[in-house]
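Chemist: You'll find protein-v2.csv just under this line, and it carries CSV, C-alpha atoms.
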chain,number,residue,atom,x,y,z
R,6,MET,CA,-24.9,-42.5,91.9
R,7,TYR,CA,-26.7,-45.5,93.1
R,8,ARG,CA,-28.2,-47.0,96.3
R,9,LYS,CA,-27.5,-50.6,97.4
R,10,ILE,CA,-30.6,-52.3,98.6
R,11,CYS,CA,-30.1,-55.6,100.5
R,12,ASN,CA,-32.4,-58.4,101.3
R,13,ASN,CA,-34.3,-56.8,104.2
R,14,GLY,CA,-37.7,-58.2,103.7
R,15,PHE,CA,-38.2,-57.3,100.0
R,16,THR,CA,-38.2,-60.2,97.5
R,17,SER,CA,-35.3,-60.2,95.1
R,18,ASP,CA,-37.6,-60.7,92.1
R,19,LEU,CA,-39.5,-57.4,92.9
R,20,TRP,CA,-36.3,-55.3,93.0
R,21,VAL,CA,-35.0,-56.9,89.8
R,22,GLN,CA,-38.2,-56.0,88.1
R,23,ARG,CA,-38.0,-52.4,89.4
R,24,TYR,CA,-34.4,-52.1,88.2
R,25,PHE,CA,-35.2,-53.1,84.6
R,26,GLU,CA,-38.3,-51.0,84.6
R,27,CYS,CA,-36.1,-48.0,85.4
R,28,ARG,CA,-33.6,-48.9,82.7
R,29,LYS,CA,-36.4,-49.2,80.1
R,30,MET,CA,-38.2,-46.0,81.1
R,31,PHE,CA,-35.2,-43.6,81.0
R,32,THR,CA,-32.5,-43.0,78.5
R,33,THR,CA,-29.9,-41.9,81.0
R,34,PHE,CA,-28.2,-44.6,82.9
R,35,VAL,CA,-25.0,-45.0,85.0
R,36,PRO,CA,-22.2,-47.1,83.4
R,37,ALA,CA,-22.6,-50.8,83.4
R,38,VAL,CA,-22.2,-52.5,86.7
R,39,ASN,CA,-18.7,-53.7,87.6
R,40,ASP,CA,-17.8,-57.2,88.7
R,41,ASN,CA,-18.4,-56.4,92.4
R,42,GLU,CA,-21.8,-55.0,91.7
R,43,ALA,CA,-22.6,-57.9,89.5
R,44,SER,CA,-21.8,-60.3,92.3
R,45,LEU,CA,-24.1,-58.3,94.6
R,46,LEU,CA,-26.9,-58.9,92.1
R,47,ARG,CA,-26.0,-62.6,92.0
R,48,ASN,CA,-26.2,-62.7,95.8
R,49,ASP,CA,-29.8,-61.3,95.8
R,50,GLU,CA,-28.7,-57.7,96.6
R,51,ARG,CA,-30.2,-55.2,94.3
R,52,LEU,CA,-28.9,-51.9,92.7
R,53,ILE,CA,-31.5,-49.1,92.3
R,54,ILE,CA,-29.9,-46.6,89.9
R,55,GLU,CA,-31.1,-43.1,90.3
R,56,PRO,CA,-29.0,-40.4,88.7
R,57,ASP,CA,-30.1,-36.9,89.5
R,58,GLU,CA,-31.2,-36.3,86.0
R,59,VAL,CA,-33.3,-39.5,85.9
R,60,ALA,CA,-34.9,-38.7,89.2
R,61,ASN,CA,-35.9,-35.2,88.0
R,62,LYS,CA,-37.3,-36.6,84.8
R,63,LYS,CA,-39.4,-39.1,86.7
R,64,LEU,CA,-40.8,-36.3,88.9
R,65,ARG,CA,-41.8,-34.3,85.8
R,66,LEU,CA,-43.6,-37.3,84.4
R,67,ASP,CA,-45.5,-37.9,87.6
R,68,SER,CA,-46.7,-34.3,87.8
R,69,SER,CA,-47.9,-34.0,84.2
R,70,ASP,CA,-49.4,-37.4,83.6
R,71,ARG,CA,-51.2,-38.1,86.8
R,72,VAL,CA,-54.1,-35.6,86.5
R,73,LYS,CA,-56.7,-36.4,89.2
R,74,LYS,CA,-60.1,-37.4,87.7
R,75,ARG,CA,-63.5,-37.8,89.2
R,76,LYS,CA,-66.7,-39.4,88.1
R,77,VAL,CA,-69.2,-36.7,87.1
R,78,ALA,CA,-72.7,-36.4,85.7
R,79,ILE,CA,-73.2,-33.8,82.9
R,80,LEU,CA,-76.6,-32.3,82.2
R,81,LEU,CA,-77.0,-31.2,78.6
R,82,GLY,CA,-79.7,-30.2,76.1
R,83,TYR,CA,-79.7,-30.3,72.3
R,84,LEU,CA,-81.8,-29.7,69.2
R,85,GLY,CA,-82.0,-33.0,67.3
R,86,LYS,CA,-82.3,-31.3,63.9
R,87,ASN,CA,-79.6,-32.5,61.5
R,88,TYR,CA,-78.3,-35.1,63.9
R,89,PHE,CA,-78.5,-38.9,63.5
R,90,GLY,CA,-79.4,-39.5,67.1
R,91,MET,CA,-77.6,-39.3,70.4
R,92,GLN,CA,-75.3,-42.3,70.3
R,93,ARG,CA,-71.9,-42.1,68.6
R,94,ASN,CA,-71.8,-43.8,65.3
R,95,PRO,CA,-68.7,-43.8,63.1
R,96,GLY,CA,-69.1,-41.6,60.0
R,97,MET,CA,-72.4,-40.1,61.2
R,98,LYS,CA,-73.2,-36.7,62.7
R,99,THR,CA,-74.4,-37.4,66.3
R,100,ILE,CA,-74.7,-35.5,69.5
R,101,GLU,CA,-72.1,-37.6,71.3
R,102,GLU,CA,-69.6,-37.0,68.5
R,103,ASP,CA,-69.8,-33.3,68.9
R,104,LEU,CA,-69.7,-33.5,72.7
R,105,ILE,CA,-66.7,-35.8,72.7
R,106,GLN,CA,-64.9,-33.6,70.2
R,107,ALA,CA,-65.6,-30.6,72.5
R,108,LEU,CA,-64.1,-32.5,75.5
R,109,LEU,CA,-61.0,-33.2,73.4
R,110,LYS,CA,-60.6,-29.6,72.3
R,111,ALA,CA,-61.1,-28.4,75.9
R,112,LYS,CA,-58.2,-30.7,76.9
R,113,LEU,CA,-60.5,-32.6,79.3
R,114,ILE,CA,-59.8,-36.0,77.6
R,115,ASN,CA,-56.8,-37.3,75.6
R,116,ASP,CA,-56.6,-38.8,72.2
R,117,GLU,CA,-57.0,-42.3,73.6
R,118,ALA,CA,-60.2,-41.5,75.4
R,119,PHE,CA,-61.5,-39.8,72.2
R,120,GLU,CA,-60.9,-42.9,70.2
R,121,ILE,CA,-62.1,-45.3,72.9
R,122,ILE,CA,-64.5,-43.4,75.0
R,123,GLN,CA,-65.1,-46.4,77.3
R,124,THR,CA,-61.7,-45.7,78.9
R,125,ILE,CA,-63.3,-42.8,80.8
R,126,GLN,CA,-66.5,-44.8,81.6
R,127,PHE,CA,-68.7,-42.7,79.3
R,128,GLN,CA,-72.4,-43.6,79.4
R,129,ARG,CA,-75.7,-41.8,78.4
R,130,ALA,CA,-79.0,-41.9,80.3
R,131,ALA,CA,-81.1,-42.4,77.2
R,132,ARG,CA,-80.7,-42.9,73.5
R,133,THR,CA,-82.6,-40.5,71.3
R,134,ASP,CA,-83.2,-41.3,67.6
R,135,LYS,CA,-82.6,-39.3,64.5
R,136,GLY,CA,-84.1,-35.8,64.7
R,137,VAL,CA,-85.2,-36.2,68.4
R,138,SER,CA,-84.3,-33.4,70.8
R,139,ALA,CA,-83.6,-33.4,74.5
R,140,ALA,CA,-84.2,-30.7,77.1
R,141,ARG,CA,-82.5,-32.6,79.9
R,142,GLN,CA,-80.1,-35.4,79.0
R,143,VAL,CA,-77.5,-36.8,81.4
R,144,VAL,CA,-74.2,-38.5,80.6
R,145,SER,CA,-71.6,-39.8,83.1
R,146,LEU,CA,-67.9,-40.0,82.7
R,147,LYS,CA,-64.5,-39.4,84.4
R,148,LEU,CA,-63.1,-35.8,84.0
R,149,PRO,CA,-60.3,-33.8,85.5
R,150,GLU,CA,-61.3,-31.9,88.6
R,151,HIS,CA,-60.8,-28.6,86.9
R,152,GLY,CA,-63.3,-29.3,84.1
R,153,ASN,CA,-66.2,-26.8,83.8
R,154,LYS,CA,-69.1,-26.3,81.5
R,155,ASP,CA,-67.9,-23.0,80.0
R,156,ASP,CA,-64.8,-24.7,78.6
R,157,ILE,CA,-66.9,-27.4,77.0
R,158,ASN,CA,-69.6,-25.0,75.7
R,159,SER,CA,-66.9,-22.9,74.0
R,160,PHE,CA,-66.3,-25.8,71.6
R,161,LEU,CA,-70.0,-26.8,71.1
R,162,PRO,CA,-72.5,-25.5,68.5
R,163,ASP,CA,-75.3,-23.4,69.9
R,164,GLU,CA,-77.7,-26.2,69.4
R,165,ILE,CA,-76.0,-28.3,72.1
R,166,ARG,CA,-75.5,-26.8,75.6
R,167,VAL,CA,-74.0,-28.2,78.8
R,168,PHE,CA,-76.0,-26.8,81.7
R,169,GLY,CA,-74.1,-28.3,84.7
R,170,ILE,CA,-71.6,-30.8,86.0
R,171,LYS,CA,-71.9,-32.6,89.3
R,172,ARG,CA,-69.6,-35.0,91.1
R,173,VAL,CA,-71.1,-38.5,91.5
R,174,THR,CA,-70.1,-41.7,93.2
R,175,LYS,CA,-67.4,-43.9,91.6
R,176,GLY,CA,-69.9,-46.5,90.6
R,177,PHE,CA,-72.4,-44.2,89.1
R,178,ASN,CA,-73.7,-45.0,85.7
R,179,SER,CA,-76.1,-42.6,84.1
R,180,LYS,CA,-78.0,-45.4,82.3
R,181,THR,CA,-78.3,-48.1,85.0
R,182,LYS,CA,-78.9,-45.7,87.9
R,183,CYS,CA,-81.7,-44.0,86.0
R,184,ASP,CA,-85.1,-44.9,87.6
R,185,ALA,CA,-87.2,-43.4,84.8
R,186,ARG,CA,-87.3,-41.2,81.7
R,187,THR,CA,-89.9,-38.6,80.9
R,188,TYR,CA,-90.6,-37.7,77.2
R,189,GLU,CA,-92.9,-35.1,75.7
R,190,TYR,CA,-94.6,-35.3,72.3
R,191,ILE,CA,-95.7,-31.8,71.1
R,192,VAL,CA,-98.6,-32.2,68.6
R,193,PRO,CA,-101.0,-29.7,66.9
R,194,THR,CA,-104.5,-30.3,68.1
R,195,PHE,CA,-105.9,-30.7,64.6
R,196,ALA,CA,-104.3,-34.1,64.6
R,197,PHE,CA,-107.2,-35.2,66.9
R,198,ALA,CA,-110.0,-33.8,64.8
R,199,PRO,CA,-112.3,-36.7,63.7
R,200,ASP,CA,-112.1,-37.6,60.1
R,201,SER,CA,-115.8,-36.9,59.9
R,202,LEU,CA,-115.0,-33.2,60.1
R,203,CYS,CA,-112.9,-33.4,56.9
R,204,PRO,CA,-114.8,-33.7,53.6
R,205,ASN,CA,-114.0,-36.1,50.8
R,206,LEU,CA,-111.8,-38.5,52.8
R,207,SER,CA,-111.8,-42.0,51.4
R,208,LYS,CA,-109.5,-45.0,51.3
R,209,GLU,CA,-110.4,-45.6,47.6
R,210,ASN,CA,-108.2,-44.1,44.9
R,211,PHE,CA,-105.7,-42.9,47.4
R,212,ASP,CA,-103.6,-39.9,46.4
R,213,ILE,CA,-101.4,-38.2,49.0
R,214,ASP,CA,-101.8,-34.7,47.6
R,215,GLU,CA,-105.6,-35.0,47.4
R,216,LYS,CA,-105.7,-36.4,50.9
R,217,VAL,CA,-103.6,-33.5,52.3
R,218,GLU,CA,-105.9,-31.0,50.5
R,219,ALA,CA,-108.9,-32.6,52.0
R,220,LEU,CA,-107.4,-32.5,55.5
R,221,SER,CA,-106.5,-28.9,55.1
R,222,THR,CA,-110.1,-27.9,55.8
R,223,ILE,CA,-111.7,-28.9,59.1
R,224,ASP,CA,-115.3,-28.2,59.7
R,225,GLY,CA,-115.2,-25.5,57.0
R,226,GLN,CA,-112.1,-23.7,58.5
R,227,PRO,CA,-108.4,-23.8,57.7
R,228,PHE,CA,-106.7,-26.6,59.6
R,229,PHE,CA,-104.4,-24.3,61.6
R,230,GLU,CA,-107.4,-22.4,63.0
R,231,TYR,CA,-108.8,-25.6,64.5
R,232,ARG,CA,-109.3,-25.4,68.3
R,233,VAL,CA,-109.8,-28.7,70.2
R,234,SER,CA,-112.8,-29.1,72.5
R,235,PRO,CA,-112.6,-30.2,76.2
R,236,GLU,CA,-114.4,-33.4,75.2
R,237,ILE,CA,-111.7,-34.4,72.8
R,238,ILE,CA,-109.0,-33.6,75.3
R,239,ASN,CA,-110.8,-35.9,77.8
R,240,ARG,CA,-111.0,-38.6,75.0
R,241,VAL,CA,-107.2,-38.3,74.4
R,242,ASN,CA,-106.5,-38.7,78.1
R,243,SER,CA,-108.7,-41.8,78.3
R,244,VAL,CA,-106.8,-43.4,75.4
R,245,LEU,CA,-103.4,-42.5,76.7
R,246,LYS,CA,-104.3,-44.0,80.1
R,247,LEU,CA,-104.6,-47.4,78.4
R,248,TYR,CA,-100.9,-47.5,78.0
R,249,GLU,CA,-100.1,-47.2,81.7
R,250,GLY,CA,-98.8,-50.2,83.6
R,251,THR,CA,-96.6,-53.1,82.4
R,252,HIS,CA,-97.4,-54.3,78.9
R,253,ASN,CA,-95.8,-56.2,76.0
R,254,PHE,CA,-94.9,-53.5,73.5
R,255,HIS,CA,-93.5,-55.7,70.8
R,256,ASN,CA,-96.1,-54.1,68.4
R,257,PHE,CA,-94.7,-50.7,69.2
R,258,THR,CA,-91.2,-51.3,67.9
R,259,SER,CA,-89.4,-53.4,65.3
R,260,LYS,CA,-87.3,-56.6,65.3
R,261,ILE,CA,-88.5,-57.7,68.7
R,262,LYS,CA,-90.4,-61.0,69.0
R,263,PRO,CA,-93.6,-61.2,71.1
R,264,LEU,CA,-92.0,-63.5,73.7
R,265,ASP,CA,-88.8,-61.4,74.0
R,266,PRO,CA,-88.5,-60.2,77.6
R,267,SER,CA,-87.2,-56.8,76.4
R,268,ALA,CA,-90.6,-56.1,74.9
R,269,SER,CA,-92.1,-55.8,78.4
R,270,ARG,CA,-92.0,-52.1,79.6
R,271,TYR,CA,-93.5,-50.2,82.5
R,272,ILE,CA,-95.4,-46.9,81.8
R,273,MET,CA,-95.9,-44.9,85.0
R,274,SER,CA,-98.0,-42.1,83.5
R,275,PHE,CA,-99.2,-40.8,80.2
R,276,SER,CA,-101.3,-37.6,79.9
R,277,CYS,CA,-102.3,-34.7,77.7
R,278,SER,CA,-101.8,-31.1,78.7
R,279,GLU,CA,-104.2,-28.2,78.2
R,280,PRO,CA,-104.0,-26.7,74.7
R,281,PHE,CA,-101.9,-23.6,74.0
R,282,VAL,CA,-101.4,-21.5,70.9
R,283,SER,CA,-98.1,-20.7,69.1
R,284,ARG,CA,-97.7,-19.3,65.6
R,285,ASP,CA,-101.5,-19.1,65.3
R,286,MET,CA,-101.7,-22.9,65.7
R,287,GLU,CA,-103.0,-24.8,68.7
R,288,PHE,CA,-100.8,-27.5,70.3
R,289,VAL,CA,-100.9,-29.9,73.2
R,290,THR,CA,-98.1,-31.7,75.0
R,291,LEU,CA,-98.4,-35.5,75.5
R,292,LYS,CA,-96.2,-36.4,78.5
R,293,VAL,CA,-95.2,-40.0,79.1
R,294,LYS,CA,-93.0,-41.3,82.0
R,295,GLY,CA,-91.7,-44.8,82.0
R,296,GLN,CA,-88.8,-46.8,83.3
R,297,SER,CA,-87.4,-47.2,79.8
R,298,PHE,CA,-88.4,-47.3,76.2
R,299,ILE,CA,-87.6,-49.2,73.1
R,300,LEU,CA,-87.0,-48.0,69.5
R,301,HIS,CA,-90.0,-46.0,68.2
R,302,GLN,CA,-92.2,-47.0,71.1
R,303,ILE,CA,-93.4,-43.5,72.0
R,304,ARG,CA,-94.0,-42.5,68.4
R,305,LYS,CA,-96.1,-45.6,67.8
R,306,MET,CA,-98.1,-45.1,71.0
R,307,VAL,CA,-98.8,-41.5,69.9
R,308,ALA,CA,-99.7,-42.6,66.4
R,309,LEU,CA,-102.2,-45.3,67.6
R,310,ALA,CA,-103.8,-42.9,70.1
R,311,ILE,CA,-104.3,-40.3,67.3
R,312,ALA,CA,-105.8,-43.0,65.0
R,313,VAL,CA,-108.2,-44.0,67.8
R,314,VAL,CA,-109.3,-40.5,68.6
R,315,ARG,CA,-109.8,-39.8,64.9
R,316,ASN,CA,-112.1,-42.9,64.8
R,317,LEU,CA,-109.8,-44.7,62.4
R,318,ALA,CA,-109.5,-47.6,64.8
R,319,PRO,CA,-111.5,-48.8,67.8
R,320,GLU,CA,-110.3,-48.1,71.3
R,321,GLU,CA,-109.9,-51.9,71.8
R,322,THR,CA,-107.0,-51.8,69.3
R,323,VAL,CA,-104.7,-50.4,72.0
R,324,THR,CA,-105.1,-53.4,74.4
R,325,ALA,CA,-105.2,-55.8,71.4
R,326,ALA,CA,-101.7,-54.5,70.4
R,327,PHE,CA,-100.3,-55.8,73.7
R,328,GLN,CA,-101.1,-59.4,72.7
R,329,GLN,CA,-98.8,-61.7,70.8
R,330,GLU,CA,-100.3,-61.3,67.4
R,331,ARG,CA,-98.4,-58.9,65.1
R,332,MET,CA,-100.4,-55.8,64.4
R,333,ASP,CA,-100.1,-52.9,61.9
R,334,VAL,CA,-99.3,-49.8,63.9
R,335,PRO,CA,-98.0,-46.6,62.3
R,336,VAL,CA,-95.1,-44.4,63.5
R,337,ALA,CA,-95.7,-40.7,64.2
R,338,PRO,CA,-93.2,-38.1,63.0
R,339,SER,CA,-90.1,-37.5,65.1
R,340,LEU,CA,-90.4,-33.7,65.0
R,341,GLY,CA,-92.5,-33.3,68.2
R,342,LEU,CA,-90.6,-35.8,70.4
R,343,VAL,CA,-88.4,-34.4,73.2
R,344,LEU,CA,-86.5,-36.1,76.1
R,345,ASN,CA,-87.6,-33.8,78.9
R,346,GLN,CA,-86.3,-35.4,82.1
R,347,VAL,CA,-84.2,-38.3,83.4
R,348,HIS,CA,-84.9,-39.4,87.0
R,349,TYR,CA,-82.5,-40.6,89.7
R,350,ASP,CA,-84.8,-40.8,92.7
R,351,LYS,CA,-83.1,-43.8,94.4
R,352,TYR,CA,-79.6,-42.4,93.9
R,353,ASP,CA,-80.7,-39.0,95.2
R,354,LYS,CA,-82.2,-40.6,98.3
R,355,ARG,CA,-79.1,-42.6,99.1
R,356,TYR,CA,-76.3,-40.2,98.2
R,357,GLY,CA,-77.8,-36.7,97.6
R,358,THR,CA,-77.5,-35.7,101.3
R,359,ASP,CA,-74.3,-37.4,102.3
R,360,GLY,CA,-72.4,-34.1,102.3
R,361,ILE,CA,-70.2,-35.0,99.4
R,362,HIS,CA,-72.6,-35.5,96.4
R,363,GLU,CA,-75.6,-33.6,95.2
R,364,VAL,CA,-79.0,-34.6,94.1
R,365,LEU,CA,-79.4,-34.9,90.3
R,366,GLU,CA,-82.7,-33.1,90.0
R,367,TRP,CA,-80.9,-30.0,88.7
R,368,ARG,CA,-83.7,-27.7,89.8
R,369,GLU,CA,-81.3,-24.8,90.3
R,370,LEU,CA,-80.7,-24.9,86.5
R,371,ASP,CA,-84.4,-24.9,85.5
R,372,ASP,CA,-84.4,-21.3,84.2
R,373,GLU,CA,-81.4,-22.0,82.0
R,374,VAL,CA,-82.9,-25.2,80.7
R,375,VAL,CA,-86.3,-23.7,80.0
R,376,LYS,CA,-84.7,-20.8,78.1
R,377,PHE,CA,-82.7,-23.2,75.9
R,378,LYS,CA,-85.8,-25.4,75.3
R,379,GLU,CA,-87.9,-22.4,74.3
R,380,GLU,CA,-85.3,-20.7,72.1
R,381,TYR,CA,-84.1,-23.8,70.2
R,382,ILE,CA,-86.3,-26.9,70.6
R,383,LEU,CA,-89.9,-25.5,70.9
R,384,LYS,CA,-89.2,-22.7,68.4
R,385,TYR,CA,-88.0,-25.2,65.8
R,386,ILE,CA,-91.0,-27.5,66.4
R,387,PHE,CA,-93.5,-24.8,66.1
R,388,GLU,CA,-91.9,-23.1,63.1
R,389,THR,CA,-91.3,-26.4,61.2
R,390,GLU,CA,-94.9,-27.6,61.8
R,391,ARG,CA,-96.3,-24.3,60.6
R,392,ASN,CA,-94.1,-24.0,57.6
R,393,GLU,CA,-93.8,-27.7,56.4
R,394,ASN,CA,-97.1,-29.2,57.6
R,395,SER,CA,-95.3,-32.4,58.7
R,396,MET,CA,-98.2,-33.6,60.8
R,397,LEU,CA,-100.8,-32.8,58.2
R,398,LYS,CA,-98.9,-34.8,55.6
R,399,TRP,CA,-98.5,-37.7,58.0
R,400,LEU,CA,-102.2,-37.7,58.8
R,401,ALA,CA,-102.9,-38.3,55.2
R,402,THR,CA,-101.2,-41.7,55.4
R,403,LEU,CA,-103.2,-43.0,58.4
R,404,PRO,CA,-106.0,-44.5,56.4
R,405,LEU,CA,-103.5,-46.7,54.6
R,406,HIS,CA,-103.0,-48.8,57.9
R,407,SER,CA,-105.3,-51.6,58.8
R,408,TYR,CA,-104.8,-51.4,62.6
R,409,SER,CA,-105.4,-55.2,62.7
R,410,THR,CA,-103.4,-58.3,63.0
R,411,ARG,CA,-101.2,-59.3,60.0
R,412,GLU,CA,-99.5,-62.4,59.0
R,413,GLU,CA,-95.8,-62.8,59.6
R,414,HIS,CA,-93.6,-63.2,56.5
R,415,GLY,CA,-90.5,-65.4,56.9
R,416,ASN,CA,-88.5,-64.3,60.0
R,417,SER,CA,-89.6,-60.7,60.0
Starting from the file, lay out its structure as structure tokens.
Modeler:
Amino acid sequence: MYRKICNNGFTSDLWVQRYFECRKMFTTFVPAVNDNEASLLRNDERLIIEPDEVANKKLRLDSSDRVKKRKVAILLGYLGKNYFGMQRNPGMKTIEEDLIQALLKAKLINDEAFEIIQTIQFQRAARTDKGVSAARQVVSLKLPEHGNKDDINSFLPDEIRVFGIKRVTKGFNSKTKCDARTYEYIVPTFAFAPDSLCPNLSKENFDIDEKVEALSTIDGQPFFEYRVSPEIINRVNSVLKLYEGTHNFHNFTSKIKPLDPSASRYIMSFSCSEPFVSRDMEFVTLKVKGQSFILHQIRKMVALAIAVVRNLAPEETVTAAFQQERMDVPVAPSLGLVLNQVHYDKYDKRYGTDGIHEVLEWRELDDEVVKFKEEYILKYIFETERNENSMLKWLATLPLHSYSTREEHGNS
């Protein structure tokens, strides 16, 4: 059975193309055209061959392959322990690798998307480094309309949770549409105890074990019993405030030259919380909000602030670090660093009330997020700090740094 299509406004080339596409797509064809039909083809009249079996097969293909997809934003949290960061990296255990595998197992993406995730416009709001956790991370991608968080979570480890999925605009990109990121650094307060309170501390004849032993006693008491004074909290806040504004942070990362435009970053706020006690140890939360951050920037800012408060470096060292000269700045441990929030204020203002899309504040999920954060992220930080003394051991290395300018060697 075939239909004869004549030249009634359609170009002959288009119909010839459609004819051969049908022949290539399906294995069932009518017998070869006879001489009369061939002459019709030569006279710019086209044959569209549609046996009933072929038409039915085409209908089945259309219904199974054309799954409607929409651009969505996914809010998730994760414990960074045992992961080599957020971003997918072949051969490495990363958060994205586990998430993408879960999407595949839930049949929300196909094999092609699993191999080349860019085909579904996948993007993350922020990169987190090895061992760094996130309470609220956002990724954007295209998913089938029926996708839901329970299907994804059923294939994820408990340390990674999808909290919610929201429809976003077609052009939404979780990275470029993000106005700011808020990180927290949870640190035991004994980190701010002045070195003068710890006996037998000296740069000479440095021995890490001896230094840790000396730091274990603060003003005659075990280090974990230390309780910070309001005066020191005020001091911490005054140092953190020096980071606010737009500065050149080339000394707070690696492999970025002083004149590289990417070194310039805007810090909106940086402050220290009131102290609180967990596992018999006192902690504070340092909260920093900025447009974006570069590798190790937050951990280096925290490290230099601790050194200043401990009187290992003068306060002027912070502002000096914004200059072009290369400076020796230590890196604080990754344990206490948490991505706490990603902000979409401009997007929410423009699209959040259009009746189709929702704001990306996710406040309705706060209880679920806080529960996950407490049960996994904070619990791990507090227990690890108490059992492994990671901050105490790191503090022992601080006197090794000069906190002054240093000569460049080669192209480093």
Chemist: Around (-106.7, -43.2, 76.4) in the file's frame, which residues reach within 12 Å when counting all atoms listed in the file? Return as an mmCIF file with C-alpha atoms, in the frame of the given file?
Modeler:
data_model
loop_
_atom_site.group_PDB
_atom_site.id
_atom_site.type_symbol
_atom_site.label_atom_id
_atom_site.label_comp_id
_atom_site.auth_asym_id
_atom_site.auth_seq_id
_atom_site.Cartn_x
_atom_site.Cartn_y
_atom_site.Cartn_z
ATOM 1 C CA ILE R 237 -111.700 -34.400 72.800
ATOM 2 C CA ILE R 238 -109.000 -33.600 75.300
ATOM 3 C CA ASN R 239 -110.800 -35.900 77.800
ATOM 4 C CA ARG R 240 -111.000 -38.600 75.000
ATOM 5 C CA VAL R 241 -107.200 -38.300 74.400
ATOM 6 C CA ASN R 242 -106.500 -38.700 78.100
ATOM 7 C CA SER R 243 -108.700 -41.800 78.300
ATOM 8 C CA VAL R 244 -106.800 -43.400 75.400
ATOM 9 C CA LEU R 245 -103.400 -42.500 76.700
ATOM 10 C CA LYS R 246 -104.300 -44.000 80.100
ATOM 11 C CA LEU R 247 -104.600 -47.400 78.400
ATOM 12 C CA TYR R 248 -100.900 -47.500 78.000
ATOM 13 C CA GLU R 249 -100.100 -47.200 81.700
ATOM 14 C CA SER R 274 -98.000 -42.100 83.500
ATOM 15 C CA PHE R 275 -99.200 -40.800 80.200
ATOM 16 C CA SER R 276 -101.300 -37.600 79.900
ATOM 17 C CA CYS R 277 -102.300 -34.700 77.700
ATOM 18 C CA LEU R 291 -98.400 -35.500 75.500
ATOM 19 C CA MET R 306 -98.100 -45.100 71.000
ATOM 20 C CA VAL R 307 -98.800 -41.500 69.900
ATOM 21 C CA LEU R 309 -102.200 -45.300 67.600
ATOM 22 C CA ALA R 310 -103.800 -42.900 70.100
ATOM 23 C CA ILE R 311 -104.300 -40.300 67.300
ATOM 24 C CA ALA R 312 -105.800 -43.000 65.000
ATOM 25 C CA VAL R 313 -108.200 -44.000 67.800
ATOM 26 C CA VAL R 314 -109.300 -40.500 68.600
ATOM 27 C CA PRO R 319 -111.500 -48.800 67.800
ATOM 28 C CA GLU R 320 -110.300 -48.100 71.300
ATOM 29 C CA GLU R 321 -109.900 -51.900 71.800
ATOM 30 C CA THR R 322 -107.000 -51.800 69.300
ATOM 31 C CA VAL R 323 -104.700 -50.400 72.000
ATOM 32 C CA THR R 324 -105.100 -53.400 74.400
#
Chemist: Taking (-77.7, -35.2, 58.8) in the file's coordinates as the center, which residues reach within 9 Å of it, counting only C-alpha atoms, put as a VMD selection string?
Modeler: chain R and resid 86 to 89 97 to 99 135 to 136
Chemist: Tell me, in Å to one decimal, how far atom CA of Lys175 of chain R is from atom CA of Val77 of chain R.
Modeler: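 Atom CA of Val77 of chain R lies at a distance of 8.7 Å from atom CA of Lys175 of chain R.
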Chemist: Which of these residues is nearest to Asp359 of chain R, using only C-alpha atoms: R:Leu84, R:Ile122, R:Leu104, R:Val173?
Modeler: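 Of all the options, R:Val173 lies closest to Asp359 of chain R.
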Chemist: Which residue is closest to Pro162 of chain R? Choose from R:Asn256, R:Ala318, R:Thr174, R:Tyr83 and count all atoms listed in the file.
Modeler: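 The answer is R:Tyr83, which sits nearest to Pro162 of chain R.
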